[in-house]
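One structure is given here, and the rest of the page talks about it.
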There are 2 protein chains.
Amino acid sequence: MSKNKEEFVKEITNIDEDFAQWYTDIVLKAELADYSATKGCIVIRPYGYELWERIQEYADQKFKETGVKNVSFPSLIPESLLQKEKDHVEGFAPEVAWVTNAGGQDLDERLCIRPTSETIISTMYSKWLTSWRDLPYLYNQWCNVLRWEKETRPFLRSREFLWQEGHTIHETAKEAKDRTKQMLEIYSDVIENLLAIPVIKGLKTESEKFAGAEETYTVETLTHDGRALQSGTSHYFGQNFTIPFDIKFQNRDGEQEYAYQTSWGISTRLIGGLIMAHGDNRGLKLPPRVAPIQVVIVPIAQHKEGVLEKANELFESLKTNFRVHLDDRDQYSTGYKFNDWEMRGVPARIELGPKDIENGKCVVVRRDTGEKIDVALTEIQNKLAEILEEIQKNMFQMCLDRMKEKTSVATNMDEFKANLEKDQGLIKSMWCGSAECEDKIHEETGAKSRCLPFVQEHLGDKCVYCGKPASKMVVWGRQY
Amino acid sequence: MSKNKEEFVKEITNIDEDFAQWYTDIVLKAELADYSATKGCIVIRPYGYELWERIQEYADQKFKETGVKNVSFPSLIPESLLQKEKDHVEGFAPEVAWVTNAGGQDLDERLCIRPTSETIISTMYSKWLTSWRDLPYLYNQWCNVLRWEKETRPFLRSREFLWQEGHTIHETAKEAKDRTKQMLEIYSDVIENLLAIPVIKGLKTESEKFAGAEETYTVETLTHDGRALQSGTSHYFGQNFTIPFDIKFQNRDGEQEYAYQTSWGISTRLIGGLIMAHGDNRGLKLPPRVAPIQVVIVPIAQHKEGVLEKANELFESLKTNFRVHLDDRDQYSTGYKFNDWEMRGVPARIELGPKDIENGKCVVVRRDTGEKIDVALTEIQNKLAEILEEIQKNMFQMCLDRMKEKTSVATNMDEFKANLEKDQGLIKSMWCGSAECEDKIHEETGAKSRCLPFVQEHLGDKCVYCGKPASKMVVWGRQY
């Protein structure tokens, strides 16, 4: 049953030849997800789901530290509710799934499966809210949503996906705006510190904002092949929903006032971003903080006396502080195991053979650099913790270096196109603010505006497309 | 805005006069849940959802300790899949909701929203499984399901509810059967040790088992008004699904064999059971281990100098070890606060006033007994932990006493009916094993068989209904 390295590696498409196929190979072979009997919907397998559990755990704690509480709203929304906010229904109605028959009877009113829950949540906020003393409502739900996409790709764009959607209402516009940005900072924290992927934070343009929002903030990341990925968004609604849904309260002056609203979400799309940011020709590469298995112990010559015993001892001593796995399968060769765990992205491997045991040491192999490090068995606890921390940092740095390398400046469209051709990455340029220029750029280059970054730079005074006066810097990129 | 005790208590229907209305009052007034704009579906509010989070956390850890891993399967199931197992489709098809149109187009094949996921999961098991070495698959998902019930009641019977569904496949029938019982033991642990409700464990009769199962095991609890509540079930399927879904593997002898399957679930119905088991005329009563707030500090005469300061100090010192809340609202009277937190079921209240502070003590008031306990502020940490532990135990004991009191033996139908009339509880009797007797008993008394308890007693040799020879003891009861 063993396979040699050549054979093994052949099974994964070369990352630089066909990135899309490489991605699919990884998703399937690392057993992160699989296609299901329901078209356009995936099954998230245990190894993939553990990534999501760790994202949930990390983000949920951060949310709760800011006072957010979890809730659960129905997944079905009556059609009349979806219709209440004009832009919202235009944005979402074309891609919803409709329940028309239930319990053996046709329904009087169709129910859509939530594509997002602003409308159903707003009806309840309207019912509950009376006084400024009740505010803010800081609610979130972890749930599934459905959007009937035409083209799908596991994790990145699935008809059904898992996410969290936070929905808050506030006494003042300022408080709501602050909350919008506060949650974007948490998303940035999750993506940078847990997933080791650098982000660009900024404001979406009018054309790219969420259906029904006043302002949409985004965290954008970059994939291995230089595409942009919208990885989390946070929306300020103003009173766009609170007026049609009649969410009002008695304010401190005793007057009726409509509340100010936000919503914000991250989804299992982050898993797609994780794969695409870090993976290489050996397969998946996981940052230690999110990896289901942080370190795998592979015994060398495990049939020899004392090897499995010592490996077990090591496993027992590490399992309190690390997510560790001992691969003592006897039907696979050591070489197969090395390749298998590298493909699955385990950050560190410990090799332990008869000679190592004799010398009271083991060998730690880093997935990110391939470096082999001799470590005395008496020092493995501290040393392993250090190595994993270094891997986490190094993986972030590698992505940051790539982002810098793949980001360029354009002051006119010739430069814009040439850069995009060369780098397949992010282009910074000045923009006049007109949707027309945005559309034209997209038409001519395939790149869309990612955002107006919080960190603005002065790259001249003219719009990269029309040459008219421009004071805003936009980052552009082709997207997944 | 303050209300006196009389007024406050009036708002909740008397528990012994109209239990159903009392239940609804508690659900709404304690802000556990609310009715939504989608008929038959509820919103679970933060205070109710925290109960579910604690149940999830406790059960999920127990599952994982036995090797279970979490996954996510699509919520939509093609009609043809649902049809594959005859009993299963008969059981569930009448109450599913159908998606017939999505993305602006009518679908070629209808998709049902999962009422349970055996069918969609089985298709994947069939795809993945090849060898006995792959077994067992021990997968679970926490998700929402839909069953189009005609009559609904918050938590107990809602068209949509949250649950976990575990689905496992095994190499041998014995291993699968052992797993079925193992999971039932975990449910019993959750309900008895976390929720402080005693259970009866047993086997469902043929008529009451899950659609498609060989055997269904159940944990049954008893409500305040003496009704039985099916609180968790675990099913052994044998090969009922693995044959039609072609889930086979090469066994140790090199032959193809169909795997042996189980599934098991608990749901947000447990929250309904929790309310109905412990509540009283003052409202909800929560066991400390599951309570979102274990102790509330209510300052007495909080406008007096030093009181709020000392209360804050106490709050800060308790918050590491307890889920504690300080109620320093100035728009409510102390009496209102007492009633409010009692109604919300908080297990312990700490009163702290100027005199207490002078004497270096506080007063702890137990929600379960009303007992007031003077505790020196220097000893509050240990003493409070002890008191909460006692409350947890006492609440379990109170339910156990009631269960004993409301359980009786019947050897003939006159006794059966008289007992039921008197006790509104559980009846133990011998049963011949025929579905006809079971149906007749239900027709004549409204009571259904709850289960054949694991702990069997010999109560004679004749069936309580037909008088024919009987060797099995059944527990009967009217149900929610």
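Residue names in the structure tokens use chain letters A, B, ... in the order shown, residue numbers from 1 in each chain, and ligand numbers from 1 in the order shown.
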
Alpha helix (DSSP H) per DSSP on the backbone: members of stretch 318-390 of chain B, as JSON, numbers by chain: {"B": [318, 334, 335, 336, 337, 338, 339, 340, 341, 342, 343, 354, 355, 356, 357, 358, 380, 381, 382, 383, 384, 385, 386, 387, 388, 389, 390]}

At most 7 Å to chain B: residues in chain A, only C-alpha atoms, as a VMD selection string: chain A and resid 38 41 to 46 49 69 to 74 76 to 78 94 to 104 148

DSSP strand (DSSP E) selection over stretch 238-455 of chain B, as an MDAnalysis selection string: chainID B and resid 238 248:250 256:258 260:267 295:299 324:326 348:352 361:366 372:376 407:409 426:431 448:453

Selection: 9 Å around A:Phe245, only C-alpha atoms, excl. self and same-chain fewer than 5 positions, as a list in words: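 After dropping sequence-adjacent residues, the list is Lys84, Glu85, Thr119, Ser122, Thr123, Tyr125, Ser126 and Asn240 of chain A.
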
Exercise: stretch 380-389 of chain B partners within 10 Å, only C-alpha atoms, chain neighbours under 2 positions left out, as a PyMOL selection string: chain B and resi 287-289+294-295+314+317-318+321-322+347-348+350+361-366+373-378+391-394

Export of prior selection with C-alpha atoms as a PDB file, in the first residue's frame:
ATOM      1  CA  PRO B 287     -29.770  24.726  38.360  1.00  0.00           C
ATOM      2  CA  PRO B 288     -26.475  26.546  39.051  1.00  0.00           C
ATOM      3  CA  ARG B 289     -24.420  24.492  36.585  1.00  0.00           C
ATOM      4  CA  GLN B 294     -25.481  31.924  38.993  1.00  0.00           C
ATOM      5  CA  VAL B 295     -25.646  34.728  41.469  1.00  0.00           C
ATOM      6  CA  LEU B 314     -17.765  42.026  45.776  1.00  0.00           C
ATOM      7  CA  SER B 317     -13.959  39.384  43.582  1.00  0.00           C
ATOM      8  CA  LEU B 318     -16.620  36.862  42.532  1.00  0.00           C
ATOM      9  CA  ASN B 321     -15.150  31.887  39.877  1.00  0.00           C
ATOM     10  CA  PHE B 322     -18.846  32.527  39.296  1.00  0.00           C
ATOM     11  CA  PRO B 347     -30.072  30.273  41.762  1.00  0.00           C
ATOM     12  CA  ALA B 348     -28.695  32.640  44.399  1.00  0.00           C
ATOM     13  CA  ILE B 350     -26.677  38.275  47.445  1.00  0.00           C
ATOM     14  CA  LYS B 361     -21.223  40.238  55.950  1.00  0.00           C
ATOM     15  CA  CYS B 362     -23.822  39.743  53.249  1.00  0.00           C
ATOM     16  CA  VAL B 363     -27.009  37.718  52.931  1.00  0.00           C
ATOM     17  CA  VAL B 364     -27.256  34.881  50.430  1.00  0.00           C
ATOM     18  CA  VAL B 365     -30.805  33.923  49.461  1.00  0.00           C
ATOM     19  CA  ARG B 366     -31.447  30.550  47.815  1.00  0.00           C
ATOM     20  CA  ILE B 373     -27.944  32.724  54.923  1.00  0.00           C
ATOM     21  CA  ASP B 374     -25.649  35.247  56.596  1.00  0.00           C
ATOM     22  CA  VAL B 375     -22.159  34.909  55.198  1.00  0.00           C
ATOM     23  CA  ALA B 376     -19.036  36.794  56.290  1.00  0.00           C
ATOM     24  CA  LEU B 377     -17.587  38.685  53.317  1.00  0.00           C
ATOM     25  CA  THR B 378     -14.217  37.074  54.010  1.00  0.00           C
ATOM     26  CA  ILE B 391     -28.811  23.971  45.303  1.00  0.00           C
ATOM     27  CA  GLN B 392     -27.805  21.807  42.345  1.00  0.00           C
ATOM     28  CA  LYS B 393     -28.187  18.642  44.451  1.00  0.00           C
ATOM     29  CA  ASN B 394     -31.386  19.753  46.108  1.00  0.00           C
TER      30      ASN B 394
END
